[in-house]
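Here is the structure we will look at.
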Amino acid sequence: MIKADSITKSFDDKKVLENLSLEVKNGEILSLLGPNGCGKSTLLNIVSGLIMQNEGQIYVNDVLVSGKVGAKKVYIKPSERKIGYVFQTVSLFPHLRIQDNVAYGLKSLHLPRQEVKKRASNLLEFVGLLEYAKYYPHQLSGGQKQRVALARSLATDPQVLLLDEPVSAVDPQLRESFRLELKNYLQALKITVVYVTHNLSEAFVMSDRIAVMGNGRIEQVGSRTDIFDKPSSSYVAKFLGINTFKGKAIETRGGLLEIEVNGMLLLAPQAPNLVGKSVIATIKPEDIMLSKSADFNQVGVSRNSVEGVITEMVQMRSNAQVTIDAGFLVKTRVPLSDIKNLGLNLGDKVYLRFNADALNVFEDNSRN
Amino acid sequence: MGLIVLTYLLFVTLPILAVFLKIEPSQVSAQLRNAGIIEAIKLSLITSASATLIAFVLAVPSAYFMVTRNFPGKTILDTLMDLPIVLPPAVAGVALLYTFAPKGLLGPFFNKPGFIIPGSTIAVVIAETFVASPFLFRSAKIGFENMDRDVINSAKMLSGSRLKVFLTITFPLSIRAIISGTMMTWARAMGEFGATLMFAGNIAGITQTMPLAIYMFLYSDPLAGIMLSIILIIISFSILIIVKLLDQKKFGAKK
């Protein structure tokens with residue numbers, strides 16, 4: 001268990017973390033997701049004790065490891081926090097053999113030599129690199145090195161594991177397979193893991209829960225579906241590539257909420273408390289269907305239909321990202337086969353359709 | 001273009017060759033038995049080795065401190081520490097006199113009745129340390145600065161002892177920079193002339209190191225001067241080769 005409570009950290013005059021709180025449950029893998037430079041690594045460094053926060057406390061398994069108790073300052077050394085840390089760059093000790101890299105932490109525990117050797121071998125076996133024990137780091141590939149780094153960080157039997165973009169040290173074409181390997185190791189360990197990444201799909205593959213970070217704080221924490229279906233701020237929605245519209249909630253009618261976006265009325269799920277307020281509505285690109293005719297399917301009450309013009313089409317592997325100007329810009333995902341069948345082209349007039357359920361609406365707290 | 005290069009290459013290499021041409025191989029063994037020469041070599045080896053050792057003990061930890069800590073005025077202090085590298089040695093000699101001579105800034109602490117620093121072998125060591133140690137300081141600093149921060153942090157996660165992390169990780173990974181700096185310091189100490197002459201004087205057997213002896217022999221016994229010069233050239237050249245070899249193998253530097 002890790003608890004960061006109201007953490008603030010500045011470098012010189014720049015505030016990197018501001019009143020950040022986050023709780024990681026026992027035994028869960030939590031992804032810390034956010035753009036580069038949002039303070040993810042700084043948070044890990046504070047949790048591990050490599051740097052000290054200006055304000056707030058850090059708890060590891062209910063033990064206060066840094067912070068203030070009244071006027072008394074508490075700071076437990078990184079090596080005594082029962083935390084393993086795998087860094088972004090390949091951080092193996094280049095002058096030590098693989099087995100000695102893994103055994104480095106064990107040697108500080110003053111164990112008998114045989115025991116150190118046995119444990120180091122077990123760890124190397126766990127990451128499938130026992131036959132490389134006598135090699136030096138420069139003889140290994142990026143993925144192998146990170147596996148050694150994982151084994152090394154586990155040597156001191158940590159209760160918590162921090163991984164800072166471990167995949168970035170691996171060759172791009174091997175990243176996907178390394179990710180899956182790593183996931184298997186982490187699941188086998190059954191310990192609390194914080195996995196830092198700026199890559200959305202990586203966060204989805206690796207973890208049970210995702211904490212989206214931005215502007216020095218945690219914007220939202222939740223399961224994959226929570227975060228994707230119900231982003232709680234436009235920051236999160238935009239970071240996930242989800243459409244966001246500013247609008248106003250008008251009234252509830254027939255069990256649905258009517259909102260006005262750019263002069264157009266859209267139906268969203270019931271939310272009486274939002275009526276009369278400025279709101280932000282979000283919708284995933286894949287929840288929007290496109291058609292060329294107005295009378296496509298039966299238009300039910302719960303179905304929204306908006307007219308627009310295709311302004312951009314970007315082809316991807318199996319689908320295309322089609323941007324439509326409907327008075328506001330909407331991004332959609334269309335399978336390549338549909339593009340062909342429907343004969344979609346730039347400048348075409350199309351109808352966007354989506355269910356009221358697909359819209360996620362929350363109050364707009366921004367000042368502008 | 002070719003002429004410019006040729007002229008320059010000859011300009012640098014020819015004077016070295018000229019020294020070697022001034023002595024017959026048959027004269028070498030006699031010169032190596034010259035008491036004056038042996039005395040100067042001995043003194044040079046002792047003083048330069050002492051200066052290098054002192055520089056190592058003082059400059060390496062200081063370099064580590066400068067790299068790992070932040071404090072106000074660090075940049076200015078850092079620049080001041082490099083000053084002896086460009087300071088004219090004569091000025092260094094004068095500065096040391098005004099510091100360590102009986103009436104100097106620290107004179108009362110170091111000079112006792114019957115023992116005066118200027119004119120002693122200790123003065124030679126002080127002069128050589130002052131002029132030469134910044135080479136090691138600078139080189140060690142570069143070595144520590146080039147270390148991958150994640151490597152050091154990995155060690156800190158696994159070991160609570162700063163000293164252990166320094167001895168097992170930081171030091172071995174910067175060893176090439178440190179050795180190279182040590183060699184440069186030693187070479188500079190061996191060749192020290194100006195500061196030694198100003199501060200320690202030119203007393204045979206006490207402060208007369210090899211460069212000073214060369215200066216003295218130049219008119220009285222040219223062959224001895226040439227012999228000493230050749231020995232210094234060989235030492236300098238060997239050090240240069242070692243430093244070059246160390247620089248080529250970038251082991252332990254970033255990635």
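Each chain in the structure tokens gets a letter, A, B and so on, in the order shown; residues start at 1 in every chain, and ligands are counted from 1 in the order they appear.
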
Practice task
Do me a favour and pick out the residues of chain A within 9 Å of chain B, using only C-alpha atoms, as a PyMOL selection string.
Solution key: chain A and resi 48-50+77-81+83-95+104-109+138+149+152-153+155-156

Handout entry: Residues within 10 Å of Leu32 in chain A, only C-alpha atoms, excluding chain neighbours under 3 positions, as a PyMOL selection string
Key = chain A and resi 29+40-41+43-44+163-165+194-199+203+207+209-213+218+221

Handout entry: Non-local contacts of Asp208 in chain A (9 Å; only C-alpha atoms; under 2 positions in same chain excluded) as a VMD selection string
Key = chain A and resid 28 to 31 203 to 206 210 222 to 224

Once you have the residues from the selection above, write them out as an mmCIF file, in the first residue's frame, restricted to C-alpha atoms.
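What landed in out.cif:
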```
data_model
loop_
_atom_site.group_PDB
_atom_site.id
_atom_site.type_symbol
_atom_site.label_atom_id
_atom_site.label_comp_id
_atom_site.auth_asym_id
_atom_site.auth_seq_id
_atom_site.Cartn_x
_atom_site.Cartn_y
_atom_site.Cartn_z
ATOM 1 C CA GLU A 28 -2.720 -3.802 -7.163
ATOM 2 C CA ILE A 29 -0.962 -2.646 -10.309
ATOM 3 C CA LEU A 30 -1.709 1.019 -10.796
ATOM 4 C CA SER A 31 -0.627 2.933 -13.884
ATOM 5 C CA ALA A 203 -1.394 1.786 -19.177
ATOM 6 C CA PHE A 204 -4.354 -0.266 -20.417
ATOM 7 C CA VAL A 205 -2.303 -3.395 -20.918
ATOM 8 C CA MET A 206 -0.388 -3.168 -17.662
ATOM 9 C CA ILE A 210 -5.171 4.051 -13.903
ATOM 10 C CA GLY A 222 -10.324 4.633 -11.772
ATOM 11 C CA SER A 223 -10.621 1.407 -13.711
ATOM 12 C CA ARG A 224 -9.972 1.377 -17.437
#
```

Problem - Best match for closeness to Leu163 in chain B among B:Pro102, B:Pro88, B:Pro25, B:Pro61, counting only C-alpha atoms - result: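 With only C-alpha atoms as the atom set, the closest residue is B:Pro61.
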
Problem - Distance criterion (only C-alpha atoms): nearest to Met210 in chain B out of B:Ser44, B:Ser62, B:Thr196, B:Ser236 - result: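 Among the listed residues, B:Ser44 lies closest to Met210 in chain B.
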
Handout entry: Pick from B:Ser174, B:Thr121, B:Thr207, B:Ser133, whichever lies nearest to Asn146 in chain B using only C-alpha atoms
Key =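 Among the listed residues, B:Ser174 lies closest to Asn146 in chain B.
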
Practice task
Mind checking which residues fall within 12 Å of Ala92 in chain B, counting only C-alpha atoms, ignoring those fewer than 2 positions away in the same chain, and posting them as a PyMOL selection string?
Solution key: chain B and resi 83-90+94-100+126-132+192-200

Practice task
DSSP on the backbone, then: every residue of range 64-248 of chain A marked strand (DSSP E), written as a ChimeraX atom specification.
Solution key: /A:64-69,72-75,83-86,160-164,192-197,209-214,217-223,243-248

Handout entry: Residues within 12 Å of Lys230 in chain A, only C-alpha atoms, excluding chain neighbours under 4 positions, as a PyMOL selection string
Key = chain A and resi 220-226+234+236-237+240+242-244+269+280-284+357-362

Handout entry: For Gly247 in chain A: contacts at 6 Å, only C-alpha atoms, fewer than 6 positions along chain excluded, given as a ChimeraX atom specification
Key = /A:260-261,278-280

Extract, using only C-alpha atoms, all DNA, RNA and protein residues at most 8 Å from Ala187 in chain B, discarding same-chain residues fewer than 2 positions from it, and format them as a tab-separated table (two decimals) with C-alpha atoms, in the first residue's frame.
```
chain	number	residue	atom	x	y	z
B	183	MET	CA	48.48	11.28	-14.32
B	184	MET	CA	48.00	14.84	-15.55
B	185	THR	CA	48.58	16.12	-12.04
B	189	ALA	CA	54.03	18.42	-10.74
B	190	MET	CA	57.12	16.85	-12.38
B	191	GLY	CA	57.43	19.79	-14.73
B	235	ILE	CA	58.09	10.59	-18.60
B	236	SER	CA	55.76	13.18	-20.16
B	239	ILE	CA	51.92	9.80	-19.27
```

Problem - All helix (DSSP H, G or I) residues (DSSP, backbone) inside range 10-253 of chain A, as JSON, numbers by chain - result: {"A": [40, 41, 42, 43, 44, 45, 46, 47, 48, 78, 79, 80, 98, 99, 100, 101, 102, 103, 104, 105, 106, 107, 113, 114, 115, 116, 117, 118, 119, 120, 121, 122, 123, 124, 125, 126, 130, 131, 132, 137, 138, 139, 142, 143, 144, 145, 146, 147, 148, 149, 150, 151, 152, 153, 154, 166, 167, 168, 169, 172, 173, 174, 175, 176, 177, 178, 179, 180, 181, 182, 183, 184, 185, 186, 187, 188, 189, 200, 201, 202, 203, 204, 205, 206, 224, 225, 226, 227, 228, 229, 234, 235, 236, 237, 238, 239]}

Output file for the residues above (C-alpha atoms, as a compact mmCIF listing (two decimals), in the first residue's frame):
```txt
# COMPACT_ATOMS: atom_id res chain seq x y z
CA LYS A 40 5.28 11.47 -12.69
CA SER A 41 8.96 10.71 -12.08
CA THR A 42 9.12 13.38 -9.40
CA LEU A 43 6.30 11.63 -7.56
CA LEU A 44 8.13 8.28 -7.78
CA ASN A 45 11.32 9.90 -6.53
CA ILE A 46 9.45 11.32 -3.57
CA VAL A 47 7.77 8.00 -2.79
CA SER A 48 11.13 6.23 -2.97
CA PRO A 78 15.29 4.87 0.29
CA SER A 79 16.95 1.55 1.07
CA GLU A 80 14.83 1.10 4.20
CA ILE A 98 24.72 -9.63 -14.11
CA GLN A 99 24.79 -11.83 -11.01
CA ASP A 100 26.57 -9.11 -9.03
CA ASN A 101 24.10 -6.50 -10.23
CA VAL A 102 21.27 -8.63 -8.91
CA ALA A 103 23.13 -9.40 -5.68
CA TYR A 104 24.01 -5.76 -4.95
CA GLY A 105 21.08 -5.21 -2.59
CA LEU A 106 21.53 -8.63 -0.99
CA LYS A 107 25.08 -7.78 0.02
CA ARG A 113 27.62 -15.78 0.74
CA GLN A 114 25.89 -19.01 -0.26
CA GLU A 115 22.50 -17.49 0.52
CA VAL A 116 23.28 -14.39 -1.56
CA LYS A 117 24.27 -16.57 -4.49
CA LYS A 118 21.20 -18.73 -4.20
CA ARG A 119 18.81 -15.80 -4.02
CA ALA A 120 20.48 -14.02 -6.94
CA SER A 121 20.16 -17.20 -9.01
CA ASN A 122 16.49 -17.55 -8.09
CA LEU A 123 15.81 -13.98 -9.17
CA LEU A 124 17.64 -14.44 -12.46
CA GLU A 125 15.69 -17.62 -13.02
CA PHE A 126 12.45 -15.71 -12.36
CA LEU A 130 20.00 -17.44 -15.35
CA GLU A 131 22.36 -18.40 -18.19
CA TYR A 132 23.46 -14.75 -18.43
CA PRO A 137 25.33 -5.53 -18.95
CA HIS A 138 26.67 -4.30 -22.30
CA GLN A 139 26.36 -7.85 -23.66
CA GLY A 142 17.59 -3.50 -23.83
CA GLY A 143 14.77 -5.82 -22.78
CA GLN A 144 17.13 -8.24 -21.06
CA LYS A 145 18.77 -5.38 -19.19
CA GLN A 146 15.42 -4.16 -17.91
CA ARG A 147 14.58 -7.70 -16.79
CA VAL A 148 17.85 -7.75 -14.85
CA ALA A 149 16.96 -4.36 -13.40
CA LEU A 150 13.64 -5.84 -12.29
CA ALA A 151 15.37 -8.81 -10.69
CA ARG A 152 17.85 -6.49 -8.98
CA SER A 153 15.08 -4.33 -7.56
CA LEU A 154 13.35 -7.42 -6.17
CA PRO A 166 10.68 0.70 -18.12
CA VAL A 167 9.72 0.00 -21.72
CA SER A 168 11.43 3.11 -23.09
CA ALA A 169 14.84 1.41 -22.75
CA PRO A 172 10.71 0.05 -30.38
CA GLN A 173 9.92 -3.10 -32.36
CA LEU A 174 10.31 -5.28 -29.26
CA ARG A 175 8.32 -3.11 -26.88
CA GLU A 176 5.01 -4.86 -27.27
CA SER A 177 6.37 -8.30 -26.44
CA PHE A 178 8.46 -6.90 -23.58
CA ARG A 179 5.34 -5.26 -22.16
CA LEU A 180 3.50 -8.58 -22.03
CA GLU A 181 6.49 -10.34 -20.49
CA LEU A 182 6.73 -7.64 -17.87
CA LYS A 183 3.04 -7.88 -17.15
CA ASN A 184 3.38 -11.61 -16.49
CA TYR A 185 6.23 -11.00 -14.04
CA LEU A 186 4.32 -8.29 -12.22
CA GLN A 187 1.20 -10.40 -11.94
CA ALA A 188 3.22 -13.32 -10.62
CA LEU A 189 4.77 -11.13 -7.93
CA LEU A 200 -2.26 5.14 -23.07
CA SER A 201 -2.32 1.64 -24.50
CA GLU A 202 0.54 0.64 -22.23
CA ALA A 203 -1.39 1.79 -19.18
CA PHE A 204 -4.35 -0.27 -20.42
CA VAL A 205 -2.30 -3.39 -20.92
CA MET A 206 -0.39 -3.17 -17.66
CA ARG A 224 -9.97 1.38 -17.44
CA THR A 225 -13.68 1.64 -18.24
CA ASP A 226 -14.27 4.34 -15.61
CA ILE A 227 -11.60 6.51 -17.09
CA PHE A 228 -12.59 5.98 -20.69
CA ASP A 229 -16.38 6.11 -20.34
CA SER A 234 -11.76 17.87 -20.04
CA TYR A 235 -8.03 17.45 -19.36
CA VAL A 236 -8.46 13.69 -18.95
CA ALA A 237 -10.80 13.45 -21.93
CA LYS A 238 -8.42 15.35 -24.18
CA PHE A 239 -5.45 13.31 -23.00
```

Handout entry: Nearest to Met147 in chain B by atom-to-atom distance, counting only C-alpha atoms, from B:Gly119, B:Thr68, B:Ala49, B:Phe135
Key =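 Of B:Gly119, B:Thr68, B:Ala49, B:Phe135, the one nearest Met147 in chain B, counting only C-alpha atoms, is B:Thr68.
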
Practice task
Grab the CA of Val125 in chain B to CA of Phe217 in chain B distance for me, in Å with one decimal place.
Solution key: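 It comes out at 22.2 Å.
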
Completion exercise
Across A:Cys38, A:Ile51, A:Ala4, A:Ile191, the smallest distance to Val160 in chain A, with only C-alpha atoms counted, is shown by A:Ile191

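Distances from B:Ile16, B:Ile116, B:Ala35, B:Leu43 to Gln208 in chain B were compared using only C-alpha atoms, and the smallest one belongs to B:Leu43.
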